[in-house]
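Comments concern the structure below.
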Amino acid sequence: MTVARTLAAACVALAALAARAELRAQVVATDPPSPAVLARDQPFHVRIAYAGAEGHALWARPWFRGEPVKRTKTNASLRLEGDGAALGWFSLDAADAVDEVRVFAGGGKPYREVEVARLAVDVRGTGEAGAAAARSDWVESLRREEEARHREALEEARNRPASATDWLIGPVFMLAVLAIGGGAVAAPLAAWRRWSGPWRIVAAAPLLTMAFVAGRIAVDTARDPTSHNLWPFEILIAGGAGLALLAVAFVARKVLGSR
């Protein structure tokens, strides 16, 4: 009997520990309230109450009829600990509809990404530019808290001694970004000057793509500094795709004997 009671108590303790360690989240408020009509790039904010976070990040993503909305921007997130409230948001790039906000969490050991909450909403995007809308007090409060945590994280990173790997990977990665981004501008310009006919249009395509990506990063970050936290990867992807297209065109010209 004593052994059975001990095992039962151990099971209860383990279940309580697991329940406490499991991340729980709920959307408790939105700004603007639903139903809502959004101008292009106007954020729809959600207040996410969470508990049991252990280095998790939280993202709010728009869905419509069971599928994720593709032409959209969503929030970045710092790693969260314990219990509290987090600010999530998304904005629409075009005239789209949203009937559900889903909150996803990333973290844990081993790392995994899972859905932790959802809320039915009625949001419509006009796809057209509009004036900046006033924000609720809780949005501004959470935004200030996130900015303060972000500054603390940056300060901690600055004060942390860099490892040999950091010294190697950091400069190498940024050099790769500069090389590919610069090459995706210089190579199309050189090809555009040398090629003729329809090939000049092909040469101009990578250059126009890089201009669009760089311009969008500049405009979006002017509105919201957190909107393109992974901008080096955007440059790498756009630049790499442009250089690949240019390489294919170069080979095609040689095969066809074009000038």
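Residue numbers start at 1 in each chain; chains themselves are named A, B, ... in the order of the structure tokens; ligands are numbered from 1 in the order shown.
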Which residues of segment 56-85 of chain A come within 12 Å of segment 201-224 of chain A, and for each one, what is the closest pair of atoms and their distance in Å to one decimal, counting only C-alpha atoms, sorted by chain and residue number, as a tab-separated table?
```
residue	atom	partner	partner_atom	distance
A:Lys73	CA	A:Asp220	CA	10.0
A:Thr74	CA	A:Asp224	CA	11.3
A:Asn75	CA	A:Asp224	CA	10.1
A:Ala76	CA	A:Asp224	CA	11.1
```
Who sits within 10 Å of segment 137-144 of chain A, only C-alpha atoms, same chain under 5 positions skipped, as a ChimeraX atom specification: /A:29-31,45-47,85-88,149-150
Pick out each residue of segment 34-255 of chain A that DSSP on the backbone tags as helix (DSSP H, G or I); I need them as JSON, numbers by chain. {"A": [137, 138, 139, 140, 141, 142, 143, 144, 145, 146, 147, 148, 149, 150, 151, 152, 153, 154, 155, 156, 157, 158, 159, 164, 165, 166, 167, 168, 169, 170, 171, 172, 173, 174, 175, 176, 177, 178, 179, 180, 181, 182, 183, 184, 185, 186, 187, 188, 189, 190, 191, 192, 193, 194, 198, 199, 200, 201, 202, 203, 204, 205, 206, 207, 208, 209, 210, 211, 212, 213, 214, 215, 216, 217, 218, 219, 220, 221, 222, 223, 231, 232, 233, 234, 235, 236, 237, 238, 239, 240, 241, 242, 243, 244, 245, 246, 247, 248, 249, 250, 251, 252, 253, 254, 255]}
Which polymer residues have any atom within 8 Å of an atom of Ile180 of chain A, counting only C-alpha atoms, with same-chain residues fewer than 2 positions away left out, as a PyMOL selection string? chain A and resi 176-178+182-184+235-236+239-240
Please dump the current selection as a PDB file, in the first residue's frame; keep C-alpha atoms.
```
ATOM      1  CA  ALA A 176      28.368  37.283 -47.860  1.00  0.00           C
ATOM      2  CA  VAL A 177      25.343  39.610 -47.612  1.00  0.00           C
ATOM      3  CA  LEU A 178      27.376  42.542 -48.959  1.00  0.00           C
ATOM      4  CA  GLY A 182      26.381  44.155 -54.335  1.00  0.00           C
ATOM      5  CA  GLY A 183      26.830  41.502 -57.004  1.00  0.00           C
ATOM      6  CA  ALA A 184      23.083  41.437 -57.644  1.00  0.00           C
ATOM      7  CA  ILE A 235      18.884  40.452 -49.314  1.00  0.00           C
ATOM      8  CA  LEU A 236      20.546  37.044 -49.621  1.00  0.00           C
ATOM      9  CA  GLY A 239      20.271  38.664 -54.539  1.00  0.00           C
ATOM     10  CA  GLY A 240      20.916  34.946 -54.905  1.00  0.00           C
TER      11      GLY A 240
END
```
